[in-house]
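Okay, upload-v5.tsv is below, TSV, C-alpha atoms:
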chain	number	residue	atom	x	y	z
A	1	MET	CA	0.00	0.00	0.00
A	2	LYS	CA	1.34	3.42	-0.89
A	3	LYS	CA	2.52	5.60	1.95
A	4	SER	CA	0.60	8.60	0.57
A	5	VAL	CA	-2.68	6.64	0.72
A	6	THR	CA	-1.99	5.69	4.33
A	7	ILE	CA	-1.19	9.29	5.22
A	8	LEU	CA	-4.41	10.48	3.55
A	9	PHE	CA	-6.39	7.85	5.46
A	10	ILE	CA	-4.87	8.96	8.76
A	11	ALA	CA	-5.53	12.63	7.92
A	12	PHE	CA	-9.13	11.79	7.01
A	13	ASN	CA	-9.62	10.09	10.38
A	14	ILE	CA	-8.12	13.02	12.28
A	15	VAL	CA	-10.42	15.48	10.48
A	16	TYR	CA	-13.41	13.15	10.87
A	17	PHE	CA	-13.00	12.77	14.63
A	18	PHE	CA	-12.21	16.46	15.07
A	19	VAL	CA	-15.47	17.40	13.34
A	20	ASP	CA	-17.44	14.61	15.00
A	21	TYR	CA	-16.38	15.24	18.59
A	22	ILE	CA	-15.14	18.84	18.78
A	23	LEU	CA	-16.48	21.00	15.95
A	24	VAL	CA	-20.08	19.78	16.31
A	25	THR	CA	-20.25	21.22	19.81
A	26	PHE	CA	-19.33	24.71	18.57
A	27	LEU	CA	-21.56	24.84	15.49
A	28	PRO	CA	-24.96	26.54	15.61
A	29	ASN	CA	-27.86	24.13	15.63
A	30	PRO	CA	-30.44	25.23	13.04
A	31	LEU	CA	-33.32	23.02	11.90
A	32	PHE	CA	-33.41	21.40	8.47
A	33	PHE	CA	-36.79	20.42	7.01
A	34	GLY	CA	-38.37	21.62	10.24
A	35	TRP	CA	-37.28	18.56	12.24
A	36	LEU	CA	-33.59	17.63	11.66
A	37	THR	CA	-30.99	19.62	13.58
A	38	LEU	CA	-27.55	20.31	12.14
A	39	HIS	CA	-25.85	18.28	14.88
A	40	CYS	CA	-28.05	15.27	14.21
A	41	ALA	CA	-27.51	15.60	10.45
A	42	ILE	CA	-23.73	15.62	10.90
A	43	LEU	CA	-23.85	12.68	13.29
A	44	LEU	CA	-26.21	10.83	10.93
A	45	PHE	CA	-24.43	11.29	7.59
A	46	MET	CA	-20.73	11.50	8.46
A	47	PRO	CA	-20.47	7.84	9.57
A	48	ILE	CA	-21.83	6.76	6.18
A	49	ILE	CA	-19.03	8.62	4.41
A	50	ALA	CA	-16.49	7.28	6.90
A	51	ALA	CA	-17.69	3.70	6.43
A	52	VAL	CA	-17.20	3.96	2.68
A	53	VAL	CA	-13.69	5.41	3.09
A	54	TRP	CA	-12.72	2.82	5.71
A	55	GLY	CA	-14.13	-0.02	3.60
A	56	VAL	CA	-12.17	1.04	0.52
A	57	TYR	CA	-9.00	1.46	2.57
A	58	TYR	CA	-9.25	-1.89	4.34
A	59	ASN	CA	-10.10	-3.76	1.14
A	60	ALA	CA	-7.01	-2.25	-0.50
A	61	PHE	CA	-4.94	-3.01	2.60
A	62	PHE	CA	-5.93	-6.67	2.79
A	63	LYS	CA	-5.23	-7.16	-0.91
A	64	THR	CA	-1.58	-6.33	-0.14
A	65	GLN	CA	-1.35	-8.94	2.65
A	66	LYS	CA	0.03	-12.26	1.45
A	67	GLN	CA	-0.47	-14.24	4.68
A	68	VAL	CA	-4.18	-13.40	5.06
A	69	PRO	CA	-6.40	-15.88	3.16

As structure tokens, how would this structure be written, given the file I've shared?
Amino acid sequence: MKKSVTILFIAFNIVYFFVDYILVTFLPNPLFFGWLTLHCAILLFMPIIAAVVWGVYYNAFFKTQKQVP
């Protein structure tokens, strides 16, 4: 696996957890569609994006491992 891909994955995780645990607490909390708050929207949709990124990364990682069946 390329070192640049690993560095991008680590940077993505740092930004993801910064937004998820720190930035959300400082953002205003307006309503979307009259019922969905900004905080809930971020906490609802960000894990979907993260799951896709993590899945792609781990699939690529395990393809490089010779000892894993």

By how many Å are atom CA of A:Phe32 and atom CA of A:Trp54 apart?
->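 Going from atom CA of A:Phe32 over to atom CA of A:Trp54, I get 27.9 Å.
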
Neighbours of stretch 4-9 of chain A within 9 Å (all atoms listed in the file; same-chain residues fewer than 2 positions away dropped), as a compact mmCIF listing (two decimals) with C-alpha atoms, in the frame of the given file?
# COMPACT_ATOMS: atom_id res chain seq x y z
CA MET A 1 0.00 0.00 0.00
CA LYS A 2 1.34 3.42 -0.89
CA ALA A 11 -5.53 12.63 7.92
CA PHE A 12 -9.13 11.79 7.01
CA ASN A 13 -9.62 10.09 10.38
CA ILE A 14 -8.12 13.02 12.28
CA VAL A 53 -13.69 5.41 3.09
CA TRP A 54 -12.72 2.82 5.71
CA TYR A 57 -9.00 1.46 2.57

Using only C-alpha atoms, the best pick from A:Phe61, A:Lys3, A:His39, A:Val56 as closest to A:Leu27 would be A:His39

Compile the contact shell of A:Pro28 as a PyMOL selection string: residues with an atom at most 12 Å away, counting all atoms listed in the file, same-chain residues fewer than 6 positions apart removed.
-> chain A and resi 37-40+42

Let me have the centre and edge lengths of the axis-aligned box enclosing all listed atoms of stretch 21-35 of chain A with 8 Å padding on every side, in Å to one decimal, as JSON.
{"center_x": -26.8, "center_y": 20.9, "center_z": 13.4, "size_x": 39.2, "size_y": 27.3, "size_z": 28.8}

If you count only C-alpha atoms, the residue of A:Tyr16, A:Asn59, A:Ile10, A:Leu31 closest to A:Phe45 turns out to be A:Tyr16

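We find atom CA of A:Ile49 and atom CA of A:Leu36 to be spaced 18.6 Å apart.
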
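Closest approach to A:Val24 among A:Tyr58, A:Val52, A:Leu43, A:Lys66 is made by A:Leu43 (distances from all atoms listed in the file).
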
What is the distance, in Å and to one decimal place, between atom CA of A:Phe62 and atom CA of A:Tyr21?
-> 29.0 Å

Since the input lacks atoms, please generate N, CA and C atoms for stretch 12-38 of chain A and provide them as a CSV table (one decimal), keeping the file's coordinate frame.
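Below is the file rebuild-v4.csv, written as the result:
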chain,number,residue,atom,x,y,z
A,12,PHE,N,-7.7,11.8,7.1
A,12,PHE,CA,-9.1,11.8,7.0
A,12,PHE,C,-9.7,11.5,8.4
A,13,ASN,N,-9.1,10.5,9.1
A,13,ASN,CA,-9.6,10.1,10.4
A,13,ASN,C,-9.4,11.2,11.4
A,14,ILE,N,-8.3,11.9,11.4
A,14,ILE,CA,-8.1,13.0,12.3
A,14,ILE,C,-9.2,14.1,12.1
A,15,VAL,N,-9.4,14.5,10.8
A,15,VAL,CA,-10.4,15.5,10.5
A,15,VAL,C,-11.8,15.0,10.9
A,16,TYR,N,-12.1,13.7,10.6
A,16,TYR,CA,-13.4,13.2,10.9
A,16,TYR,C,-13.7,13.2,12.4
A,17,PHE,N,-12.8,12.8,13.2
A,17,PHE,CA,-13.0,12.8,14.6
A,17,PHE,C,-13.0,14.2,15.2
A,18,PHE,N,-12.2,15.1,14.6
A,18,PHE,CA,-12.2,16.5,15.1
A,18,PHE,C,-13.6,17.1,14.8
A,19,VAL,N,-14.1,16.9,13.7
A,19,VAL,CA,-15.5,17.4,13.3
A,19,VAL,C,-16.5,16.7,14.2
A,20,ASP,N,-16.4,15.4,14.3
A,20,ASP,CA,-17.4,14.6,15.0
A,20,ASP,C,-17.5,14.9,16.5
A,21,TYR,N,-16.4,15.1,17.1
A,21,TYR,CA,-16.4,15.2,18.6
A,21,TYR,C,-16.1,16.7,19.1
A,22,ILE,N,-15.5,17.5,18.3
A,22,ILE,CA,-15.1,18.8,18.8
A,22,ILE,C,-15.9,19.9,18.0
A,23,LEU,N,-15.9,19.9,16.7
A,23,LEU,CA,-16.5,21.0,16.0
A,23,LEU,C,-18.0,21.0,16.1
A,24,VAL,N,-18.6,19.9,16.2
A,24,VAL,CA,-20.1,19.8,16.3
A,24,VAL,C,-20.6,20.6,17.5
A,25,THR,N,-19.8,20.5,18.6
A,25,THR,CA,-20.2,21.2,19.8
A,25,THR,C,-20.2,22.7,19.7
A,26,PHE,N,-19.4,23.3,18.7
A,26,PHE,CA,-19.3,24.7,18.6
A,26,PHE,C,-20.2,25.3,17.4
A,27,LEU,N,-20.7,24.4,16.6
A,27,LEU,CA,-21.6,24.8,15.5
A,27,LEU,C,-22.9,25.3,16.0
A,28,PRO,N,-23.6,26.2,15.3
A,28,PRO,CA,-25.0,26.5,15.6
A,28,PRO,C,-25.8,25.3,15.3
A,29,ASN,N,-27.0,25.3,15.8
A,29,ASN,CA,-27.9,24.1,15.6
A,29,ASN,C,-29.2,24.5,15.0
A,30,PRO,N,-29.2,24.9,13.7
A,30,PRO,CA,-30.4,25.2,13.0
A,30,PRO,C,-31.2,24.0,12.7
A,31,LEU,N,-32.5,24.1,12.3
A,31,LEU,CA,-33.3,23.0,11.9
A,31,LEU,C,-33.3,22.9,10.4
A,32,PHE,N,-33.2,21.7,9.9
A,32,PHE,CA,-33.4,21.4,8.5
A,32,PHE,C,-34.7,20.7,8.3
A,33,PHE,N,-35.5,21.1,7.3
A,33,PHE,CA,-36.8,20.4,7.0
A,33,PHE,C,-37.8,20.5,8.2
A,34,GLY,N,-37.5,21.4,9.1
A,34,GLY,CA,-38.4,21.6,10.2
A,34,GLY,C,-38.3,20.6,11.4
A,35,TRP,N,-37.4,19.6,11.2
A,35,TRP,CA,-37.3,18.6,12.2
A,35,TRP,C,-35.9,18.0,12.5
A,36,LEU,N,-34.9,18.2,11.5
A,36,LEU,CA,-33.6,17.6,11.7
A,36,LEU,C,-32.6,18.7,12.0
A,37,THR,N,-32.0,18.6,13.2
A,37,THR,CA,-31.0,19.6,13.6
A,37,THR,C,-29.7,19.4,12.9
A,38,LEU,N,-28.8,20.4,12.8
A,38,LEU,CA,-27.6,20.3,12.1
A,38,LEU,C,-26.7,19.3,12.8
